[in-house]
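Trainee: File upload-v5.cif follows (mmCIF, C-alpha atoms, pLDDT in the B column; chains and numbers go by the auth columns):
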```
data_protein
loop_
_atom_site.group_PDB
_atom_site.id
_atom_site.type_symbol
_atom_site.label_atom_id
_atom_site.label_comp_id
_atom_site.label_asym_id
_atom_site.label_seq_id
_atom_site.Cartn_x
_atom_site.Cartn_y
_atom_site.Cartn_z
_atom_site.B_iso_or_equiv
_atom_site.auth_seq_id
_atom_site.auth_asym_id
ATOM 1 C CA MET A 1 102.115 -58.422 -30.544 74.00 700 U
ATOM 2 C CA ASP A 2 102.364 -58.748 -26.792 83.00 701 U
ATOM 3 C CA PHE A 3 105.608 -57.456 -25.283 86.00 702 U
ATOM 4 C CA ARG A 4 104.770 -58.000 -21.599 90.00 703 U
ATOM 5 C CA GLU A 5 107.040 -61.035 -21.216 92.00 704 U
ATOM 6 C CA LEU A 6 109.892 -59.210 -22.957 92.00 705 U
ATOM 7 C CA VAL A 7 109.490 -56.261 -20.594 93.00 706 U
ATOM 8 C CA LYS A 8 109.572 -58.591 -17.578 93.00 707 U
ATOM 9 C CA ASP A 9 112.726 -60.304 -18.860 93.00 708 U
ATOM 10 C CA LEU A 10 114.460 -56.980 -19.579 93.00 709 U
ATOM 11 C CA ALA A 11 113.466 -55.601 -16.162 94.00 710 U
ATOM 12 C CA SER A 12 114.912 -58.659 -14.403 95.00 711 U
ATOM 13 C CA VAL A 13 118.175 -58.531 -16.384 95.00 712 U
ATOM 14 C CA PHE A 14 118.756 -54.771 -15.998 95.00 713 U
ATOM 15 C CA ARG A 15 117.088 -54.496 -12.571 95.00 714 U
ATOM 16 C CA THR A 16 115.272 -51.318 -13.473 95.00 715 U
ATOM 17 C CA ARG A 17 111.840 -50.285 -14.603 94.00 716 U
ATOM 18 C CA ILE A 18 111.339 -50.753 -18.352 93.00 717 U
ATOM 19 C CA GLU A 19 108.547 -49.145 -20.366 91.00 718 U
ATOM 20 C CA LEU A 20 107.757 -49.863 -23.993 88.00 719 U
ATOM 21 C CA ARG A 21 105.445 -47.458 -25.738 86.00 720 U
ATOM 22 C CA GLN A 22 103.913 -47.678 -29.143 85.00 721 U
ATOM 23 C CA ILE A 23 104.368 -44.598 -31.285 86.00 722 U
ATOM 24 C CA GLY A 24 102.779 -43.689 -34.589 87.00 723 U
ATOM 25 C CA VAL A 25 104.540 -43.327 -37.916 89.00 724 U
ATOM 26 C CA ARG A 26 104.318 -39.528 -37.757 88.00 725 U
ATOM 27 C CA ASP A 27 105.891 -39.510 -34.297 89.00 726 U
ATOM 28 C CA GLU A 28 108.672 -41.748 -35.600 90.00 727 U
ATOM 29 C CA ALA A 29 109.363 -39.365 -38.501 89.00 728 U
ATOM 30 C CA LYS A 30 109.379 -36.460 -36.044 88.00 729 U
ATOM 31 C CA MET A 31 111.976 -38.171 -33.850 89.00 730 U
ATOM 32 C CA LEU A 32 114.209 -39.402 -36.673 90.00 731 U
ATOM 33 C CA GLY A 33 113.949 -36.297 -38.868 90.00 732 U
ATOM 34 C CA GLY A 34 114.870 -36.208 -42.517 90.00 733 U
ATOM 35 C CA ILE A 35 114.426 -34.268 -45.727 91.00 734 U
ATOM 36 C CA GLY A 36 110.952 -33.967 -47.235 86.00 735 U
ATOM 37 C CA PRO A 37 110.032 -34.125 -50.923 83.00 736 U
ATOM 38 C CA CYS A 38 110.268 -30.318 -51.028 83.00 737 U
ATOM 39 C CA GLY A 39 113.981 -30.507 -50.172 89.00 738 U
ATOM 40 C CA ARG A 40 113.615 -28.948 -46.726 89.00 739 U
ATOM 41 C CA ILE A 41 113.901 -30.456 -43.250 90.00 740 U
ATOM 42 C CA LEU A 42 110.670 -32.201 -42.254 89.00 741 U
ATOM 43 C CA CYS A 43 108.098 -29.779 -40.855 85.00 742 U
ATOM 44 C CA CYS A 44 107.219 -32.205 -38.064 85.00 743 U
ATOM 45 C CA SER A 45 110.807 -32.380 -36.837 86.00 744 U
ATOM 46 C CA SER A 46 111.666 -28.703 -37.254 85.00 745 U
ATOM 47 C CA TRP A 47 108.728 -26.458 -36.327 84.00 746 U
ATOM 48 C CA LEU A 48 105.370 -28.255 -36.420 79.00 747 U
ATOM 49 C CA GLY A 49 104.082 -28.912 -32.920 78.00 748 U
ATOM 50 C CA ASP A 50 100.909 -30.985 -33.041 81.00 749 U
ATOM 51 C CA PHE A 51 99.691 -33.367 -35.709 83.00 750 U
ATOM 52 C CA GLU A 52 96.337 -32.178 -37.004 86.00 751 U
ATOM 53 C CA PRO A 53 94.132 -34.390 -39.184 89.00 752 U
ATOM 54 C CA VAL A 54 94.938 -34.181 -42.904 91.00 753 U
ATOM 55 C CA SER A 55 92.396 -35.224 -45.538 93.00 754 U
ATOM 56 C CA ILE A 56 92.533 -35.962 -49.238 94.00 755 U
ATOM 57 C CA LYS A 57 90.053 -33.091 -49.716 92.00 756 U
ATOM 58 C CA MET A 58 92.842 -30.689 -48.801 92.00 757 U
ATOM 59 C CA ALA A 59 94.956 -32.005 -51.686 92.00 758 U
ATOM 60 C CA LYS A 60 91.965 -31.664 -54.033 90.00 759 U
ATOM 61 C CA ASP A 61 91.339 -28.077 -52.909 86.00 760 U
ATOM 62 C CA GLN A 62 94.971 -27.233 -53.698 86.00 761 U
ATOM 63 C CA ASN A 63 94.690 -28.778 -57.197 82.00 762 U
ATOM 64 C CA LEU A 64 97.436 -31.285 -56.430 88.00 763 U
ATOM 65 C CA SER A 65 97.899 -34.594 -58.161 89.00 764 U
ATOM 66 C CA LEU A 66 96.127 -37.287 -56.160 92.00 765 U
ATOM 67 C CA ASN A 67 99.024 -39.663 -56.757 93.00 766 U
ATOM 68 C CA PRO A 68 99.741 -41.129 -53.294 91.00 767 U
ATOM 69 C CA THR A 69 103.508 -41.030 -53.816 89.00 768 U
ATOM 70 C CA LYS A 70 103.387 -37.284 -54.466 90.00 769 U
ATOM 71 C CA ILE A 71 101.192 -36.277 -51.518 92.00 770 U
ATOM 72 C CA SER A 72 102.624 -38.658 -48.914 91.00 771 U
ATOM 73 C CA GLY A 73 105.419 -37.735 -46.547 89.00 772 U
ATOM 74 C CA LEU A 74 108.317 -39.885 -45.387 87.00 773 U
ATOM 75 C CA CYS A 75 106.044 -41.442 -42.778 90.00 774 U
ATOM 76 C CA GLY A 76 103.727 -42.771 -45.494 89.00 775 U
ATOM 77 C CA ARG A 77 100.789 -40.626 -44.401 91.00 776 U
ATOM 78 C CA LEU A 78 99.437 -37.511 -46.112 92.00 777 U
ATOM 79 C CA MET A 79 101.917 -34.644 -45.812 90.00 778 U
ATOM 80 C CA CYS A 80 101.325 -32.372 -42.824 87.00 779 U
ATOM 81 C CA CYS A 81 101.965 -29.297 -44.973 84.00 780 U
ATOM 82 C CA LEU A 82 98.659 -29.985 -46.802 88.00 781 U
ATOM 83 C CA LYS A 83 96.852 -28.911 -43.633 86.00 782 U
ATOM 84 C CA PHE A 84 99.185 -25.983 -43.011 80.00 783 U
ATOM 85 C CA GLU A 85 98.784 -24.622 -46.562 83.00 784 U
ATOM 86 C CA HIS A 86 95.059 -25.360 -46.815 89.00 785 U
ATOM 87 C CA ASP A 87 94.116 -22.275 -44.779 85.00 786 U
ATOM 88 C CA ASN A 88 96.085 -20.051 -47.176 84.00 787 U
ATOM 89 C CA TYR A 89 94.337 -21.592 -50.186 86.00 788 U
ATOM 90 C CA GLU A 90 90.909 -21.121 -48.615 87.00 789 U
ATOM 91 C CA SER A 91 91.520 -17.430 -47.884 87.00 790 U
ATOM 92 C CA ALA A 92 92.906 -16.838 -51.395 84.00 791 U
ATOM 93 C CA ARG A 93 89.896 -18.585 -52.950 83.00 792 U
ATOM 94 C CA GLU A 94 87.539 -16.172 -51.179 87.00 793 U
ATOM 95 C CA GLU A 95 89.269 -13.249 -52.907 89.00 794 U
ATOM 96 C CA LEU A 96 89.503 -14.822 -56.377 91.00 795 U
ATOM 97 C CA PRO A 97 86.596 -14.982 -58.846 93.00 796 U
ATOM 98 C CA ALA A 98 85.119 -18.432 -59.421 90.00 797 U
ATOM 99 C CA VAL A 99 85.839 -20.495 -62.521 91.00 798 U
ATOM 100 C CA GLY A 100 83.316 -19.635 -65.238 94.00 799 U
ATOM 101 C CA LYS A 101 82.857 -15.980 -64.231 95.00 800 U
ATOM 102 C CA ILE A 102 83.098 -13.280 -66.889 96.00 801 U
ATOM 103 C CA VAL A 103 85.799 -10.724 -66.007 95.00 802 U
ATOM 104 C CA ILE A 104 87.298 -7.559 -67.425 94.00 803 U
ATOM 105 C CA THR A 105 91.105 -7.241 -67.582 94.00 804 U
ATOM 106 C CA SER A 106 93.563 -4.744 -69.020 92.00 805 U
ATOM 107 C CA LEU A 107 93.793 -6.988 -72.114 92.00 806 U
ATOM 108 C CA GLY A 108 90.028 -7.213 -72.574 92.00 807 U
ATOM 109 C CA GLU A 109 87.026 -9.224 -71.502 95.00 808 U
ATOM 110 C CA GLY A 110 87.191 -12.959 -70.882 95.00 809 U
ATOM 111 C CA LYS A 111 86.098 -15.980 -68.907 96.00 810 U
ATOM 112 C CA VAL A 112 87.919 -17.426 -65.879 95.00 811 U
ATOM 113 C CA THR A 113 89.104 -20.945 -66.751 95.00 812 U
ATOM 114 C CA GLY A 114 91.236 -21.639 -63.673 91.00 813 U
ATOM 115 C CA ILE A 115 92.790 -20.152 -60.570 89.00 814 U
ATOM 116 C CA ASN A 116 96.280 -20.067 -59.094 88.00 815 U
ATOM 117 C CA ALA A 117 95.547 -19.559 -55.408 86.00 816 U
ATOM 118 C CA SER A 118 99.181 -19.521 -54.293 82.00 817 U
ATOM 119 C CA ALA A 119 100.005 -16.643 -56.696 87.00 818 U
ATOM 120 C CA LYS A 120 96.589 -14.986 -56.205 88.00 819 U
ATOM 121 C CA ALA A 121 96.024 -15.026 -59.944 92.00 820 U
ATOM 122 C CA VAL A 122 93.407 -16.360 -62.359 94.00 821 U
ATOM 123 C CA TYR A 123 93.632 -17.905 -65.809 95.00 822 U
ATOM 124 C CA VAL A 124 91.449 -15.942 -68.231 96.00 823 U
ATOM 125 C CA GLN A 125 90.443 -17.054 -71.703 96.00 824 U
ATOM 126 C CA LEU A 126 90.173 -13.703 -73.463 95.00 825 U
ATOM 127 C CA PHE A 127 87.325 -13.414 -75.951 94.00 826 U
ATOM 128 C CA ASP A 128 89.416 -11.334 -78.394 91.00 827 U
ATOM 129 C CA MET A 129 92.516 -13.568 -78.178 89.00 828 U
ATOM 130 C CA PRO A 130 91.857 -17.243 -78.898 87.00 829 U
ATOM 131 C CA GLY A 131 94.441 -19.732 -77.747 89.00 830 U
ATOM 132 C CA LYS A 132 95.971 -20.461 -74.400 93.00 831 U
ATOM 133 C CA PRO A 133 94.386 -18.728 -71.347 94.00 832 U
ATOM 134 C CA LYS A 134 96.440 -15.869 -69.870 93.00 833 U
ATOM 135 C CA GLU A 135 97.454 -15.805 -66.205 94.00 834 U
ATOM 136 C CA MET A 136 96.312 -12.483 -64.784 94.00 835 U
ATOM 137 C CA PRO A 137 97.064 -11.134 -61.281 93.00 836 U
ATOM 138 C CA LEU A 138 94.077 -10.462 -59.031 90.00 837 U
ATOM 139 C CA ASP A 139 94.574 -6.682 -59.119 91.00 838 U
ATOM 140 C CA ASP A 140 94.177 -6.727 -62.929 92.00 839 U
ATOM 141 C CA VAL A 141 90.808 -8.553 -62.846 92.00 840 U
ATOM 142 C CA VAL A 142 87.350 -7.095 -62.277 91.00 841 U
ATOM 143 C CA VAL A 143 84.273 -9.336 -62.151 91.00 842 U
ATOM 144 C CA LYS A 144 81.631 -8.181 -64.614 83.00 843 U
#
```
Represent the structure of the file as C-alpha coordinates.
Mentor:
Amino acid sequence: MDFRELVKDLASVFRTRIELRQIGVRDEAKMLGGIGPCGRILCCSSWLGDFEPVSIKMAKDQNLSLNPTKISGLCGRLMCCLKFEHDNYESAREELPAVGKIVITSLGEGKVTGINASAKAVYVQLFDMPGKPKEMPLDDVVVK
(Lines of atoms letter the chains of each structure in order from A and count residues from 1; the text may use other names and numbers.)
(Lines give C-alpha, C1' and ligand atoms only; values in the text may rest on other atoms or scores of the structure.)
Protein backbone atom coordinates (compact mmCIF):
# COMPACT_ATOMS: atom_id res chain seq x y z
CA MET A 1 0.00 0.00 0.00
CA ASP A 2 1.33 3.41 -0.93
CA PHE A 3 0.91 6.08 1.75
CA ARG A 4 2.71 8.94 -0.02
CA GLU A 5 -0.48 10.82 -0.89
CA LEU A 6 -1.78 10.41 2.66
CA VAL A 7 1.47 11.81 4.04
CA LYS A 8 1.24 14.81 1.70
CA ASP A 9 -2.36 15.48 2.74
CA LEU A 10 -1.53 15.19 6.46
CA ALA A 11 1.51 17.45 6.06
CA SER A 12 -0.58 20.13 4.34
CA VAL A 13 -3.35 19.97 6.96
CA PHE A 14 -1.05 20.01 10.01
CA ARG A 15 1.68 22.13 8.37
CA THR A 16 4.46 19.99 9.76
CA ARG A 17 6.70 17.21 8.59
CA ILE A 18 5.00 13.80 8.77
CA GLU A 19 6.83 10.48 8.63
CA LEU A 20 5.20 7.08 8.42
CA ARG A 21 7.39 4.09 9.11
CA GLN A 22 6.63 0.45 8.74
CA ILE A 23 7.43 -1.65 11.78
CA GLY A 24 7.49 -5.40 12.19
CA VAL A 25 5.17 -7.48 14.33
CA ARG A 26 7.88 -8.03 16.95
CA ASP A 27 8.51 -4.29 17.18
CA GLU A 28 4.77 -3.74 17.60
CA ALA A 29 4.62 -6.27 20.45
CA LYS A 30 7.64 -4.58 22.05
CA MET A 31 5.93 -1.18 21.95
CA LEU A 32 2.51 -2.36 23.10
CA GLY A 33 3.72 -4.84 25.72
CA GLY A 34 1.58 -7.57 27.20
CA ILE A 35 1.68 -10.85 29.07
CA GLY A 36 3.29 -13.86 27.42
CA PRO A 37 2.08 -17.47 27.55
CA CYS A 38 4.40 -18.02 30.53
CA GLY A 39 2.43 -15.47 32.56
CA ARG A 40 5.23 -12.90 32.70
CA ILE A 41 5.63 -9.54 30.98
CA LEU A 42 6.87 -9.97 27.41
CA CYS A 43 10.64 -10.36 27.24
CA CYS A 44 10.83 -8.01 24.26
CA SER A 45 9.11 -5.20 26.14
CA SER A 46 10.83 -5.70 29.49
CA TRP A 47 14.50 -6.65 29.06
CA LEU A 48 15.29 -8.07 25.62
CA GLY A 49 17.21 -5.57 23.52
CA ASP A 50 17.69 -6.89 20.00
CA PHE A 51 15.65 -9.42 18.07
CA GLU A 52 17.87 -12.33 17.10
CA PRO A 53 16.76 -14.94 14.56
CA VAL A 54 14.73 -17.79 16.07
CA SER A 55 14.39 -21.13 14.27
CA ILE A 56 12.15 -24.15 14.65
CA LYS A 57 15.32 -26.19 15.30
CA MET A 58 15.64 -24.42 18.64
CA ALA A 59 12.20 -25.70 19.67
CA LYS A 60 13.17 -29.22 18.54
CA ASP A 61 16.42 -29.09 20.53
CA GLN A 62 14.43 -28.15 23.65
CA ASN A 63 12.01 -31.07 23.12
CA LEU A 64 9.05 -28.71 22.85
CA SER A 65 5.81 -29.48 21.10
CA LEU A 66 6.00 -28.20 17.54
CA ASN A 67 2.42 -26.96 17.77
CA PRO A 68 2.58 -23.41 16.36
CA THR A 69 0.14 -22.06 18.96
CA LYS A 70 2.39 -23.25 21.79
CA ILE A 71 5.71 -21.91 20.46
CA SER A 72 4.45 -18.61 19.03
CA GLY A 73 4.44 -15.36 20.96
CA LEU A 74 1.80 -12.64 20.96
CA CYS A 75 3.32 -11.24 17.78
CA GLY A 76 2.61 -14.50 15.93
CA ARG A 77 6.29 -15.30 15.39
CA LEU A 78 8.39 -17.90 17.21
CA MET A 79 8.92 -16.88 20.83
CA CYS A 80 12.12 -14.93 21.45
CA CYS A 81 12.80 -16.94 24.61
CA LEU A 82 13.51 -20.01 22.41
CA LYS A 83 16.73 -18.30 21.33
CA PHE A 84 17.54 -17.09 24.84
CA GLU A 85 17.08 -20.55 26.39
CA HIS A 86 18.72 -22.45 23.52
CA ASP A 87 22.24 -21.61 24.73
CA ASN A 88 21.44 -23.07 28.17
CA TYR A 89 20.12 -26.28 26.60
CA GLU A 90 23.20 -26.64 24.41
CA SER A 91 25.59 -26.27 27.35
CA ALA A 92 23.57 -28.73 29.46
CA ARG A 93 23.53 -31.26 26.61
CA GLU A 94 27.33 -31.22 26.48
CA GLU A 95 27.44 -32.33 30.13
CA LEU A 96 24.70 -34.97 29.90
CA PRO A 97 25.23 -38.48 28.49
CA ALA A 98 23.59 -39.16 25.14
CA VAL A 99 20.39 -41.18 24.78
CA GLY A 100 21.25 -44.87 24.42
CA LYS A 101 24.39 -44.78 26.59
CA ILE A 102 24.83 -47.36 29.33
CA VAL A 103 25.29 -45.69 32.74
CA ILE A 104 25.84 -46.67 36.34
CA THR A 105 23.69 -45.03 39.04
CA SER A 106 23.21 -45.46 42.77
CA LEU A 107 20.19 -47.69 41.97
CA GLY A 108 22.10 -49.86 39.50
CA GLU A 109 23.07 -50.07 35.87
CA GLY A 110 20.78 -48.89 33.08
CA LYS A 111 20.34 -47.26 29.71
CA VAL A 112 19.65 -43.55 29.12
CA THR A 113 16.23 -43.20 27.49
CA GLY A 114 15.87 -39.41 27.64
CA ILE A 115 17.32 -36.21 29.02
CA ASN A 116 15.94 -33.27 30.98
CA ALA A 117 18.38 -30.51 30.05
CA SER A 118 16.72 -27.81 32.14
CA ALA A 119 17.04 -29.92 35.33
CA LYS A 120 20.41 -31.39 34.26
CA ALA A 121 19.03 -34.89 34.72
CA VAL A 122 18.64 -38.03 32.61
CA TYR A 123 15.93 -40.67 32.40
CA VAL A 124 17.45 -44.10 33.00
CA GLN A 125 15.76 -47.42 32.32
CA LEU A 126 17.34 -49.57 35.02
CA PHE A 127 18.12 -53.14 33.98
CA ASP A 128 17.13 -54.56 37.39
CA MET A 129 13.89 -52.54 37.68
CA PRO A 130 11.54 -52.92 34.71
CA GLY A 131 8.86 -50.31 34.27
CA LYS A 132 8.97 -46.57 33.95
CA PRO A 133 12.44 -44.96 33.53
CA LYS A 134 13.76 -43.13 36.61
CA GLU A 135 14.84 -39.49 36.47
CA MET A 136 18.36 -39.31 37.87
CA PRO A 137 20.37 -36.13 38.55
CA LEU A 138 23.63 -35.73 36.63
CA ASP A 139 25.78 -36.13 39.75
CA ASP A 140 24.27 -39.61 40.33
CA VAL A 141 25.13 -40.88 36.81
CA VAL A 142 28.43 -42.27 35.55
CA VAL A 143 28.86 -43.30 31.91
CA LYS A 144 30.10 -46.88 31.63
Trainee: Taking the point (108.5, -55.8, -30.0) as given in the file, collect each protein or nucleic acid residue that comes within 10 Å of it, counting only C-alpha atoms, and present the set as number ranges by chain.
Mentor: U: 700-703, 705-706, 719-721
Trainee: Written as a ChimeraX atom specification, which residues does the PyMOL selection byres ((chain U and resi 778-789) around 8) give for the file shown?
Mentor: /U:742-743,750-754,757-758,760-761,770-772,776-777,790-793,816-817
Trainee: Between U:Gly799, U:Gly830, U:Lys729, U:Asn762, which residue has the minimum interatomic distance to U:Trp746, considering only C-alpha atoms?
Mentor: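 With only C-alpha atoms as the atom set, the closest residue is U:Lys729.
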Trainee: Please return as a list in words every residue within 10 Å of (83.1, -8.7, -61.7), taking into account only C-alpha atoms and the file's own coordinates.
Mentor: Pro796, Lys800, Ile801, Val802, Ile803, Val840, Val841, Val842 and Lys843 of chain U
Trainee: Limited to C-alpha atoms, could you put the picked residues into a file as a short mmCIF file (atom, residue, chain, number, x, y, z; two decimals), in the frame of the given file?
Mentor:
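Final output, saved to part.cif:
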```
data_model
loop_
_atom_site.label_atom_id
_atom_site.label_comp_id
_atom_site.auth_asym_id
_atom_site.auth_seq_id
_atom_site.Cartn_x
_atom_site.Cartn_y
_atom_site.Cartn_z
CA PRO U 796 86.60 -14.98 -58.85
CA LYS U 800 82.86 -15.98 -64.23
CA ILE U 801 83.10 -13.28 -66.89
CA VAL U 802 85.80 -10.72 -66.01
CA ILE U 803 87.30 -7.56 -67.42
CA VAL U 840 90.81 -8.55 -62.85
CA VAL U 841 87.35 -7.10 -62.28
CA VAL U 842 84.27 -9.34 -62.15
CA LYS U 843 81.63 -8.18 -64.61
#
```
Trainee: Mind giving me the straight-line distance from atom CA of U:Ala818 to atom CA of U:Asn766 in Å, one decimal?
Mentor: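 So the two atoms, atom CA of U:Ala818 and atom CA of U:Asn766, lie 23.0 Å apart.
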Trainee: Excluding U:Asp838 and its own-chain neighbours fewer than 4 positions away, which residues fall within 10 Å of it when counting all atoms listed in the file? Please give them as a list in words.
Mentor: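 The filter keeps Leu795, Thr804, Lys819 and Ala820 of chain U.
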Trainee: If we count all atoms listed in the file and set the cut-off at 9 Å, which residues sit around U:Leu825, ignoring sequence neighbours fewer than 5 positions away in its own chain? Please answer as JSON, numbers by chain.
Mentor: {"U": [804, 806, 807, 808, 809, 810, 811, 830, 831, 832, 833]}
